[in-house]
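Okay, so here's the structure we're looking at.
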Amino acid sequence: MLWTRKHLLGLQELSAGEITFILERADSFKEVCTRPNKKVPALVGRTIVNMFFENSTRTNLSFQLAARRLSADVLMFSKTGTSVAKGETMVDTARNIEAMGVDVMVLRHGSSGAPWKLAKNVSCAVVNAGDGQHEHPTQALLDLYTIREVRGGIAGLTVGIVGDIAHSRVARSNIWGLTKLGARVMVVGPTTLIPREIEKMGVEVCHDMDLALRECDVLNMLRIQFERQGGGNPFPSIREYKHMFGLTRERLKKGKPDLTIMHPGPVNRGIELSPEVADGSQSVILRQVGNGLAVRMAVLQLVAGVE
Amino acid sequence: MLWTRKHLLGLQELSAGEITFILERADSFKEVCTRPNKKVPALVGRTIVNMFFENSTRTNLSFQLAARRLSADVLMFSKTGTSVAKGETMVDTARNIEAMGVDVMVLRHGSSGAPWKLAKNVSCAVVNAGDGQHEHPTQALLDLYTIREVRGGIAGLTVGIVGDIAHSRVARSNIWGLTKLGARVMVVGPTTLIPREIEKMGVEVCHDMDLALRECDVLNMLRIQFERQGGGNPFPSIREYKHMFGLTRERLKKGKPDLTIMHPGPVNRGIELSPEVADGSQSVILRQVGNGLAVRMAVLQLVAGVE
Amino acid sequence: MLWTRKHLLGLQELSAGEITFILERADSFKEVCTRPNKKVPALVGRTIVNMFFENSTRTNLSFQLAARRLSADVLMFSKTGTSVAKGETMVDTARNIEAMGVDVMVLRHGSSGAPWKLAKNVSCAVVNAGDGQHEHPTQALLDLYTIREVRGGIAGLTVGIVGDIAHSRVARSNIWGLTKLGARVMVVGPTTLIPREIEKMGVEVCHDMDLALRECDVLNMLRIQFERQGGGNPFPSIREYKHMFGLTRERLKKGKPDLTIMHPGPVNRGIELSPEVADGSQSVILRQVGNGLAVRMAVLQLVAGVE
């Protein structure tokens with residue numbers, strides 16, 4: 001198979017073959033990341049710009065380091081203030097920065113669809129680093145990579161995604177990726193946080209954490225966004241959420257003995273995961289972070305079009 | 001000709017020969033910037049510091065990338081807060097950073113003359129990236145480079161600079177550069193925005209946009225600074241300014257068919273330029289941005305004194 | 001001697017031999033820093049993260065540049081906001097960033113002891129870039145390096161440290177280093193700013209600046225932290241402090257003719273030092289800054305474990 005896409009915008013539009021192709025590419029970069037010298041000359045003299053219109057520390061650092069390890073030059077552009085015509089500003093800004101001679105733009109933006117809009121307006125490659133409540137494809141790719149690494153494959157596994165499914169781009173991208181690769185996917189959470197017709201995405205809905213624990217081989221525990229609470233938002237209280245869906249050492253006993261615990265970070269310790277579970281032997285949270293480097297190196301090298 | 005200057009502070013003090021020398025140097029870097037690998041080893045192991053005491057995204061990114069493409073190490077220092085003894089703080093800060101072993105300091109500062117003050121107090125090279133309402137030499141150099149590239153030369157052309165001439169360092173540096181290289185320069189705007197004795201700089205004053213359109217081969221449309229409005233400042237209303245000096249597709253018909261439209265960016269779309277004109281075939285705005293890289297690479301390499 | 005420590009946390013725990021070993025390593029990097037090309041390939045492909053939980057410009061830039069001159073990749077993480085469980089957040093953040101494949105973490109933190117806590121929780125090397133009022137080992141190392149360079153050695157010298165000894169990590173690390181290397185150390189300041197039992201650290205206490213001037217070969221003038229004034233804090237007024245302990249050209253005449261004046265920067269000109277003294281021939285303040293690069297290159301290369 002040859003990689004033919006110019007951009008990496010979302011997993012919805014990728015085939016199972018394309019997703020697998022990226023994961024296999026990441027294997028070779030994972031090997032690079034175990035060497036003392038983690039640098040390869042793949043993108044010498046290429047320019048990658050991180051355009052972050054939303055706060056992000058980890059994803060930003062991960063893409064920065066991935067680009068540097070490919071020997072690319074990296075520029076940072078951050079603008080987290082609000083403006084009326086945000087969309088237009090973004091495209092205008094991007095076209096100006098692109099004119100400096102940019103090969104890849106990595107975009108984080110609060111508006112769903114922003115990376116597609118950008119891709120239509122620039123001639124360089126675009127990588128979506130999270131758009132609104134829509135997609136976060138490299139997070140899902142690193143999640144898939146980690147499951148495949150830990151469990152030996154993805155097809156046939158039952159994977160639960162637990163939390164605020166309605167507002168989570170991580171959930172959405174994971175659903176696309178997991179179902180395409182043949183996993184059975186359960187979305188787990190209170191009714192208020194699960195969109196009505198989500199079954200159409202090919203998933204099962206579950207409101208009972210104990211049931212999820214019995215069924216799942218992998219649980220991806222989403223981060224609770226405190227800021228969504230209150231204001232008429234039908235969000236349960238933190239206390240209630242923790243009681244119903246938080247994963248403690250005690251509750252973990254109800255799951256399969258080899259259950260794999262994932263979290264996109266940063267963890268609210270003591271809420272969605274107790275500290276013992278977050279740091280326990282079934283948790284692969286830090287492994288996810290490390291795999292993020294390999295996956296992002298693979299993605300950047302693919303879209304930069306340089307073999 | 002040999003380059004003998006230690007600093008690049010302003011175009012007023014440069015000869016026509018020196019300006020041309022920089023533009024010719026930029027030609028070779030423009031070629032570099034068209035390669036997939038845009039990196040040259042010219043400044044390996046040299047250190048360049050961007051000292052920005054005023055907010056700037058584009059100029060900062062452009063200098064950063066220019067330095068990286070020359071393989072220099074780049075440090076960023078930004079301080080946009082105000083302090084009583086700003087001037088002294090700047091020199092003190094600079095001498096401390098210089099002591100780390102710096103080859104070139106790129107200074108953006110809100111006070112006119114700051115780069116000259118800095119040059120007297122450090123032993124490394126200084127490049128002015130914009131000082132108060134005084135000079136912005138690399139912006140003017142990239143404008144000259146673009147005119148020369150698009151029109152085949154500068155001498156004999158009529159170039160209009162439109163907008164708030166009184167407060168614009170871009171205008172001032174452009175006037176010095178254009179007149180030295182033999183262009184006829186018209187400054188165009190309302191009387192309140194054109195300094196009284198500006199004819200002494202060798203330019204013609206014009207308050208009539210239609211006249212300017214008939215006469216000019218190139219129009220450099222300055223950005224309107226909204227923040228100057230009100231407060232007793234004799235600035236016309238945005239609406240009035242746009243009506244009298246804004247360039248729309250309709251008004252553009254009154255100009256020469258090959259009129260070149262420039263803008264230092266970022267454009268207030270719908271005010272000094274309508275979107276159709278900003279993105280139209282006569283606009284060279286994004287080309288200016290790209291040329292900025294080549295010009296800044298030439299300047300940094302010249303003042304770093306490394307052949 | 002072989003370097004066997006994984007981290008550089010403080011000078012209290014280092015032997016005289018280890019301190020001397022670092023200073024001798026710095027000699028070779030000082031030579032590198034005099035070349036036009038100041039870059040060596042020592043840490044190619046290694047990753048160093050500057051984790052700064054407190055504002056710092058100079059130390060941050062110095063570590064950045066030291067890392068780049070060793071050809072390492074450098075990431076910046078800054079978080080200066082407060083949070084309730086700061087300590088826990090720091091460790092959590094660090095373990096996540098470490099998972100990206102980090103070789104050295106350079107930590108600046110407002111809590112005394114934070115680097116030791118970090119070192120227990122990550123497997124990469126940790127360098128303390130200043131923790132609370134506790135230690136700032138690389139500052140003391142560059143001070144020691146500068147004294148040794150200017151005076152030919154440290155043993156047998158009388159070194160005065162002047163100012164707010166009670167709250168100064170620079171003072172504390174200097175005291176450990178100077179006494180281990182055989183200097184006689186006087187701490188000089190008003191009683192309110194000198195901890196009661198400091199003699200146990202092997203220093204003499206002096207409240208009389210004129211006496212200190214007669215005795216000392218070197219004076220390290222600490223920066224007065226204005227923010228500590230008022231609020232019931234028994235800090236003398238700036239005016240009184242300046243009168244009693246500030247070093248002016250006039251008062252300098254009471255010292256030995258070859259007295260060396262040091263300051264960790266940034267100087268409050270006109271308070272602890274008059275401008276003439278800060279910029280005078282006895283001041284080695286900018287030399288300290290330059291030596292900081294050599295010392296930090298030595299430290300980073302040692303803890304990165306790469307010969």
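Each chain of the structure tokens is named A, B, ... in the order shown, its residues numbered from 1; ligands are numbered from 1 in display order.
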
Each residue of chain C with at least one atom at most 12 Å from chain B should appear once, together with its nearest atom pair and the corresponding distance in Å (one decimal); atoms considered: only C-alpha atoms; ordering: chain, then increasing residue number; output as a Markdown table.
| residue | atom | partner | partner_atom | distance |
| --- | --- | --- | --- | --- |
| C:Lys30 | CA | B:Gly101 | CA | 10.7 |
| C:Val32 | CA | B:Gly45 | CA | 10.2 |
| C:Cys33 | CA | B:Gly101 | CA | 7.1 |
| C:Thr34 | CA | B:Gly101 | CA | 8.1 |
| C:Arg35 | CA | B:Gly45 | CA | 8.8 |
| C:Pro36 | CA | B:Arg46 | CA | 6.7 |
| C:Asn37 | CA | B:Gly45 | CA | 4.1 |
| C:Lys38 | CA | B:Gly45 | CA | 4.7 |
| C:Lys39 | CA | B:Gly45 | CA | 4.7 |
| C:Val40 | CA | B:Gly45 | CA | 8.3 |
| C:Pro41 | CA | B:Gly45 | CA | 10.6 |
| C:Ser56 | CA | B:Phe77 | CA | 11.2 |
| C:Thr57 | CA | B:Phe77 | CA | 7.8 |
| C:Arg58 | CA | B:Ile97 | CA | 7.4 |
| C:Thr59 | CA | B:Ile97 | CA | 10.3 |
| C:Asn60 | CA | B:Leu75 | CA | 10.3 |
| C:Leu61 | CA | B:Leu75 | CA | 7.1 |
| C:Ser62 | CA | B:Met100 | CA | 7.0 |
| C:Phe63 | CA | B:Met100 | CA | 10.4 |
| C:Gln64 | CA | B:Leu75 | CA | 8.0 |
| C:Leu65 | CA | B:Leu75 | CA | 7.4 |
| C:Ala66 | CA | B:Met100 | CA | 9.2 |
| C:Ala67 | CA | B:Asp73 | CA | 10.5 |
| C:Arg68 | CA | B:Asp73 | CA | 7.0 |
| C:Arg69 | CA | B:Gly45 | CA | 7.1 |
| C:Leu70 | CA | B:Gly45 | CA | 10.0 |
| C:Ser71 | CA | B:Gly45 | CA | 9.4 |
| C:Ala72 | CA | B:Asp73 | CA | 11.4 |
| C:Asp73 | CA | B:Asp73 | CA | 11.3 |
| C:Val74 | CA | B:Asp73 | CA | 11.4 |
| C:Met76 | CA | B:Met76 | CA | 11.7 |
| C:His263 | CA | B:Asn96 | CA | 11.8 |
| C:Pro264 | CA | B:Asn96 | CA | 10.8 |
| C:Gly265 | CA | B:Asn96 | CA | 8.5 |
| C:Pro266 | CA | B:Thr93 | CA | 8.0 |
| C:Val267 | CA | B:Asp92 | CA | 8.7 |
| C:Asn268 | CA | B:Thr89 | CA | 10.2 |
| C:Arg269 | CA | B:Asp92 | CA | 9.8 |
| C:Pro275 | CA | B:Asp92 | CA | 10.8 |
| C:Ala278 | CA | B:Asp92 | CA | 10.8 |
| C:Asp279 | CA | B:Asp92 | CA | 10.4 |
| C:Val284 | CA | B:Ala99 | CA | 11.1 |
| C:Ile285 | CA | B:Asn96 | CA | 8.6 |
| C:Leu286 | CA | B:Ala99 | CA | 5.7 |
| C:Arg287 | CA | B:Ala99 | CA | 7.0 |
| C:Gln288 | CA | B:Ala99 | CA | 8.5 |
| C:Val289 | CA | B:Ala99 | CA | 5.8 |
| C:Gly290 | CA | B:Met100 | CA | 4.6 |
| C:Asn291 | CA | B:Met100 | CA | 7.9 |
| C:Gly292 | CA | B:Met100 | CA | 7.7 |
| C:Leu293 | CA | B:Met100 | CA | 6.3 |
| C:Ala294 | CA | B:Met100 | CA | 9.3 |
| C:Val295 | CA | B:Met100 | CA | 11.6 |
| C:Arg296 | CA | B:Met100 | CA | 11.3 |
| C:Met297 | CA | B:Met100 | CA | 11.9 |

What lies within 12 Å of Leu11 (chain A) using only C-alpha atoms, ignoring chain neighbours under 2 positions off, as a ChimeraX atom specification?
/A:7-9,13-20,22,127-128,130,134-141,144,169-181

Mind doing a quick least-squares superposition of chain C onto chain A, all C-alpha atoms paired one-to-one in order, and writing it out as a compact mmCIF listing (two decimals) with C-alpha atoms, in the first residue's frame?
# COMPACT_ATOMS: atom_id res chain seq x y z
CA MET C 1 0.00 0.00 -0.01
CA LEU C 2 1.09 3.54 -0.74
CA TRP C 3 0.10 6.54 1.36
CA THR C 4 -1.80 8.95 -0.89
CA ARG C 5 -3.40 11.43 1.49
CA LYS C 6 -2.09 14.92 1.77
CA HIS C 7 -3.55 15.63 5.21
CA LEU C 8 -4.43 13.80 8.42
CA LEU C 9 -7.73 15.32 9.41
CA GLY C 10 -9.78 12.59 11.07
CA LEU C 11 -10.18 8.85 11.39
CA GLN C 12 -13.72 8.86 10.01
CA GLU C 13 -12.39 9.32 6.50
CA LEU C 14 -9.55 6.79 6.74
CA SER C 15 -9.85 3.16 5.70
CA ALA C 16 -8.82 0.30 7.98
CA GLY C 17 -5.87 -0.21 5.66
CA GLU C 18 -4.72 3.37 6.01
CA ILE C 19 -4.97 3.26 9.79
CA THR C 20 -2.99 0.03 9.89
CA PHE C 21 -0.43 1.55 7.55
CA ILE C 22 0.19 4.41 9.99
CA LEU C 23 0.44 2.03 12.94
CA GLU C 24 3.01 -0.07 11.09
CA ARG C 25 5.01 3.01 10.22
CA ALA C 26 4.96 3.95 13.88
CA ASP C 27 6.62 0.63 14.72
CA SER C 28 9.87 1.75 13.13
CA PHE C 29 9.76 5.08 14.96
CA LYS C 30 9.04 3.30 18.23
CA GLU C 31 12.34 1.52 17.70
CA VAL C 32 14.06 4.86 17.05
CA CYS C 33 12.60 6.18 20.32
CA THR C 34 14.35 3.44 22.29
CA ARG C 35 17.80 4.47 21.09
CA PRO C 36 19.99 6.85 23.07
CA ASN C 37 20.12 9.05 19.96
CA LYS C 38 16.45 9.42 19.05
CA LYS C 39 17.03 11.62 16.02
CA VAL C 40 16.62 10.68 12.38
CA PRO C 41 17.31 12.97 9.41
CA ALA C 42 13.95 12.30 7.69
CA LEU C 43 12.72 15.92 7.58
CA VAL C 44 15.94 17.98 7.57
CA GLY C 45 15.21 21.45 6.29
CA ARG C 46 11.44 20.95 6.36
CA THR C 47 9.34 23.35 8.42
CA ILE C 48 6.49 22.30 10.68
CA VAL C 49 4.30 24.86 12.43
CA ASN C 50 2.28 24.07 15.54
CA MET C 51 -0.74 26.33 15.34
CA PHE C 52 -2.57 26.08 18.64
CA PHE C 53 -5.72 28.16 19.06
CA GLU C 54 -6.59 26.28 22.25
CA ASN C 55 -4.45 25.68 25.30
CA SER C 56 -2.60 22.39 25.24
CA THR C 57 0.63 21.43 26.89
CA ARG C 58 1.04 17.74 26.26
CA THR C 59 -0.12 17.47 22.66
CA ASN C 60 1.89 20.56 21.78
CA LEU C 61 5.07 19.19 23.40
CA SER C 62 4.53 15.79 21.82
CA PHE C 63 4.19 17.19 18.29
CA GLN C 64 7.16 19.52 18.89
CA LEU C 65 9.38 16.70 19.98
CA ALA C 66 8.19 14.38 17.21
CA ALA C 67 9.06 17.06 14.65
CA ARG C 68 12.48 17.70 16.18
CA ARG C 69 13.29 13.99 16.24
CA LEU C 70 12.60 13.98 12.51
CA SER C 71 15.13 16.87 12.29
CA ALA C 72 12.51 19.34 11.07
CA ASP C 73 12.47 23.01 12.06
CA VAL C 74 9.46 23.73 14.27
CA LEU C 75 7.68 27.03 14.79
CA MET C 76 5.11 27.62 17.51
CA PHE C 77 2.10 29.82 17.01
CA SER C 78 -0.36 30.10 19.88
CA LYS C 79 -3.41 32.27 20.12
CA THR C 80 -5.88 31.41 22.79
CA GLY C 81 -7.77 34.70 22.97
CA THR C 82 -11.21 34.90 21.45
CA SER C 83 -12.18 37.08 18.52
CA VAL C 84 -15.42 37.54 16.67
CA ALA C 85 -14.37 36.19 13.31
CA LYS C 86 -12.15 33.45 14.66
CA GLY C 87 -12.47 31.26 11.59
CA GLU C 88 -11.39 33.95 9.20
CA THR C 89 -8.51 35.05 11.39
CA MET C 90 -7.30 31.47 11.53
CA VAL C 91 -7.20 31.07 7.75
CA ASP C 92 -5.63 34.47 7.24
CA THR C 93 -2.97 33.85 9.85
CA ALA C 94 -2.28 30.41 8.44
CA ARG C 95 -1.89 31.60 4.87
CA ASN C 96 0.58 34.21 6.02
CA ILE C 97 2.62 31.74 8.01
CA GLU C 98 2.45 29.24 5.16
CA ALA C 99 3.95 31.86 2.87
CA MET C 100 7.18 31.61 4.88
CA GLY C 101 7.62 28.16 3.37
CA VAL C 102 5.89 25.66 5.61
CA ASP C 103 5.56 21.94 4.87
CA VAL C 104 3.13 20.85 7.60
CA MET C 105 0.69 22.75 9.83
CA VAL C 106 -0.41 21.02 13.02
CA LEU C 107 -3.68 22.65 14.05
CA ARG C 108 -5.46 22.60 17.42
CA HIS C 109 -8.67 24.62 17.26
CA GLY C 110 -11.78 25.02 19.36
CA SER C 111 -14.14 24.88 16.37
CA SER C 112 -15.16 21.53 14.96
CA GLY C 113 -14.14 21.32 11.31
CA ALA C 114 -11.40 23.96 11.47
CA PRO C 115 -8.72 21.61 10.04
CA TRP C 116 -10.85 20.87 6.97
CA LYS C 117 -11.35 24.58 6.45
CA LEU C 118 -7.62 25.13 6.79
CA ALA C 119 -6.79 22.31 4.39
CA LYS C 120 -8.93 23.96 1.73
CA ASN C 121 -7.10 27.26 2.12
CA VAL C 122 -3.43 26.31 2.25
CA SER C 123 -1.30 24.21 -0.04
CA CYS C 124 0.81 22.59 2.68
CA ALA C 125 -0.22 19.47 4.61
CA VAL C 126 -2.53 19.80 7.62
CA VAL C 127 -2.58 17.57 10.70
CA ASN C 128 -5.54 17.82 13.06
CA ALA C 129 -4.35 18.02 16.67
CA GLY C 130 -7.89 18.28 18.01
CA ASP C 131 -10.85 20.27 16.67
CA GLY C 132 -13.69 21.23 19.00
CA GLN C 133 -15.73 18.22 20.04
CA HIS C 134 -15.12 16.53 16.73
CA GLU C 135 -11.91 14.56 16.19
CA HIS C 136 -8.45 14.09 17.70
CA PRO C 137 -7.01 11.55 15.28
CA THR C 138 -3.45 11.26 16.58
CA GLN C 139 -4.77 10.60 20.10
CA ALA C 140 -6.91 7.78 18.75
CA LEU C 141 -4.00 6.46 16.70
CA LEU C 142 -1.78 6.30 19.77
CA ASP C 143 -4.59 4.60 21.66
CA LEU C 144 -4.95 2.05 18.87
CA TYR C 145 -1.19 1.58 18.74
CA THR C 146 -1.07 0.96 22.48
CA ILE C 147 -3.95 -1.54 22.45
CA ARG C 148 -2.37 -3.40 19.54
CA GLU C 149 0.98 -3.45 21.35
CA VAL C 150 -0.38 -4.56 24.71
CA ARG C 151 -3.07 -6.97 23.50
CA GLY C 152 -1.45 -8.24 20.31
CA GLY C 153 -4.22 -6.91 18.08
CA ILE C 154 -7.48 -4.99 18.01
CA ALA C 155 -10.03 -7.10 16.10
CA GLY C 156 -12.26 -9.07 18.41
CA LEU C 157 -11.51 -7.07 21.55
CA THR C 158 -14.24 -5.35 23.52
CA VAL C 159 -13.23 -1.78 24.29
CA GLY C 160 -15.19 0.47 26.64
CA ILE C 161 -14.95 4.24 26.41
CA VAL C 162 -16.12 5.73 29.69
CA GLY C 163 -17.22 9.27 30.44
CA ASP C 164 -18.50 12.34 28.66
CA ILE C 165 -18.95 10.77 25.24
CA ALA C 166 -21.11 13.63 24.02
CA HIS C 167 -18.41 16.28 24.20
CA SER C 168 -15.29 14.20 23.59
CA ARG C 169 -13.26 14.33 20.40
CA VAL C 170 -11.09 11.58 21.84
CA ALA C 171 -14.15 9.32 22.10
CA ARG C 172 -15.28 10.12 18.58
CA SER C 173 -11.92 9.42 16.95
CA ASN C 174 -11.49 6.26 19.02
CA ILE C 175 -14.90 5.00 17.95
CA TRP C 176 -14.06 5.45 14.25
CA GLY C 177 -10.69 3.79 14.61
CA LEU C 178 -11.73 0.90 16.84
CA THR C 179 -14.78 -0.07 14.82
CA LYS C 180 -12.86 0.11 11.53
CA LEU C 181 -10.22 -2.23 12.95
CA GLY C 182 -12.83 -4.74 14.12
CA ALA C 183 -13.21 -4.07 17.85
CA ARG C 184 -16.55 -4.21 19.65
CA VAL C 185 -17.01 -0.76 21.23
CA MET C 186 -19.14 0.12 24.26
CA VAL C 187 -19.68 3.73 25.24
CA VAL C 188 -20.22 3.94 28.98
CA GLY C 189 -21.63 6.82 30.99
CA PRO C 190 -24.75 8.49 32.33
CA THR C 191 -27.54 9.06 29.79
CA THR C 192 -26.97 12.81 29.89
CA LEU C 193 -23.44 12.38 28.56
CA ILE C 194 -24.17 9.97 25.72
CA PRO C 195 -25.57 11.34 22.44
CA ARG C 196 -28.96 9.93 21.47
CA GLU C 197 -28.20 8.23 18.18
CA ILE C 198 -24.65 7.16 18.82
CA GLU C 199 -25.47 3.54 18.02
CA LYS C 200 -25.38 4.61 14.38
CA MET C 201 -21.60 4.87 14.77
CA GLY C 202 -21.57 1.13 15.38
CA VAL C 203 -21.23 1.13 19.16
CA GLU C 204 -23.22 -0.26 22.07
CA VAL C 205 -24.44 2.01 24.83
CA CYS C 206 -23.98 1.03 28.45
CA HIS C 207 -25.01 2.94 31.58
CA ASP C 208 -23.75 0.35 34.06
CA MET C 209 -20.06 0.37 34.94
CA ASP C 210 -20.18 -3.08 36.49
CA LEU C 211 -21.56 -4.51 33.28
CA ALA C 212 -18.86 -2.75 31.29
CA LEU C 213 -16.23 -4.19 33.60
CA ARG C 214 -17.49 -7.70 32.99
CA GLU C 215 -17.53 -7.30 29.21
CA CYS C 216 -14.49 -5.23 28.35
CA ASP C 217 -10.88 -6.13 27.59
CA VAL C 218 -9.86 -2.48 27.53
CA LEU C 219 -11.33 0.56 29.28
CA ASN C 220 -10.46 4.00 27.99
CA MET C 221 -11.39 6.34 30.87
CA LEU C 222 -12.02 9.88 29.60
CA ARG C 223 -11.09 12.94 31.56
CA ILE C 224 -13.99 14.69 33.27
CA GLN C 225 -14.06 18.35 32.21
CA PHE C 226 -14.98 20.19 35.39
CA GLU C 227 -15.68 23.35 33.45
CA ARG C 228 -18.74 21.76 31.86
CA GLN C 229 -20.50 21.48 35.21
CA GLY C 230 -23.31 23.78 36.32
CA GLY C 231 -25.00 26.49 34.27
CA GLY C 232 -28.01 24.40 33.44
CA ASN C 233 -25.76 21.76 31.87
CA PRO C 234 -27.23 18.36 32.73
CA PHE C 235 -23.89 17.12 34.05
CA PRO C 236 -24.03 14.91 37.15
CA SER C 237 -22.16 16.05 40.23
CA ILE C 238 -18.51 15.03 40.44
CA ARG C 239 -19.35 13.03 43.52
CA GLU C 240 -22.14 11.17 41.77
CA TYR C 241 -20.05 10.59 38.66
CA LYS C 242 -17.17 9.23 40.69
CA HIS C 243 -19.50 6.94 42.58
CA MET C 244 -21.10 5.54 39.42
CA PHE C 245 -18.22 5.47 36.92
CA GLY C 246 -14.96 6.12 38.75
CA LEU C 247 -12.51 3.24 38.72
CA THR C 248 -11.11 2.27 42.11
CA ARG C 249 -8.98 -0.71 43.14
CA GLU C 250 -12.08 -2.21 44.69
CA ARG C 251 -14.23 -1.91 41.58
CA LEU C 252 -11.40 -3.10 39.35
CA LYS C 253 -11.79 -6.55 40.91
CA LYS C 254 -15.06 -6.91 39.03
CA GLY C 255 -13.26 -6.69 35.69
CA LYS C 256 -11.30 -9.27 33.74
CA PRO C 257 -7.95 -9.98 35.35
CA ASP C 258 -6.06 -8.76 32.27
CA LEU C 259 -8.22 -5.66 31.74
CA THR C 260 -6.17 -2.84 30.22
CA ILE C 261 -6.76 0.67 31.66
CA MET C 262 -6.18 3.68 29.41
CA HIS C 263 -6.61 7.42 29.85
CA PRO C 264 -5.81 10.27 27.44
CA GLY C 265 -4.45 12.39 30.31
CA PRO C 266 -4.18 14.43 32.32
CA VAL C 267 -5.89 12.27 34.93
CA ASN C 268 -8.17 13.78 37.57
CA ARG C 269 -6.77 11.51 40.27
CA GLY C 270 -9.48 10.38 42.62
CA ILE C 271 -12.29 11.06 40.17
CA GLU C 272 -12.34 8.97 37.00
CA LEU C 273 -9.40 6.93 38.30
CA SER C 274 -8.15 6.38 41.83
CA PRO C 275 -4.40 6.98 42.18
CA GLU C 276 -3.77 3.26 42.75
CA VAL C 277 -5.49 2.36 39.50
CA ALA C 278 -3.84 5.17 37.53
CA ASP C 279 -0.39 4.01 38.67
CA GLY C 280 -1.23 0.29 38.88
CA SER C 281 0.03 -2.59 36.81
CA GLN C 282 -3.02 -2.63 34.52
CA SER C 283 -2.64 1.02 33.58
CA VAL C 284 -0.85 1.80 30.31
CA ILE C 285 -1.25 5.57 30.59
CA LEU C 286 2.43 6.49 30.41
CA ARG C 287 2.97 3.96 27.64
CA GLN C 288 0.28 5.80 25.66
CA VAL C 289 2.27 9.03 26.05
CA GLY C 290 5.45 7.37 24.81
CA ASN C 291 3.66 5.78 21.87
CA GLY C 292 2.31 9.21 20.99
CA LEU C 293 5.80 10.20 19.92
CA ALA C 294 6.18 7.24 17.57
CA VAL C 295 2.71 7.73 16.08
CA ARG C 296 3.20 11.47 15.55
CA MET C 297 6.61 10.93 13.97
CA ALA C 298 4.95 8.48 11.56
CA VAL C 299 2.13 10.90 10.74
CA LEU C 300 4.39 13.91 10.22
CA GLN C 301 6.74 11.97 8.01
CA LEU C 302 3.87 10.57 5.93
CA VAL C 303 2.15 13.89 5.31
CA ALA C 304 5.45 15.66 4.68
CA GLY C 305 5.66 13.27 1.75
CA VAL C 306 9.27 12.42 2.25
CA GLU C 307 10.35 8.80 2.16

If you run DSSP on the backbone, which residues of region 35-270 of chain B are strand (DSSP E or B), as number ranges by chain?
B: 47-52, 73-78, 104-109, 125-131, 135, 158-162, 184-188, 204-206, 218-221, 247, 260-262, 269

Run DSSP on the backbone of this structure and report the residues of region 82-207 of chain B it assigns to alpha helix (DSSP H), as a ChimeraX atom specification.
/B:86-98,114-121,137-151,169-180
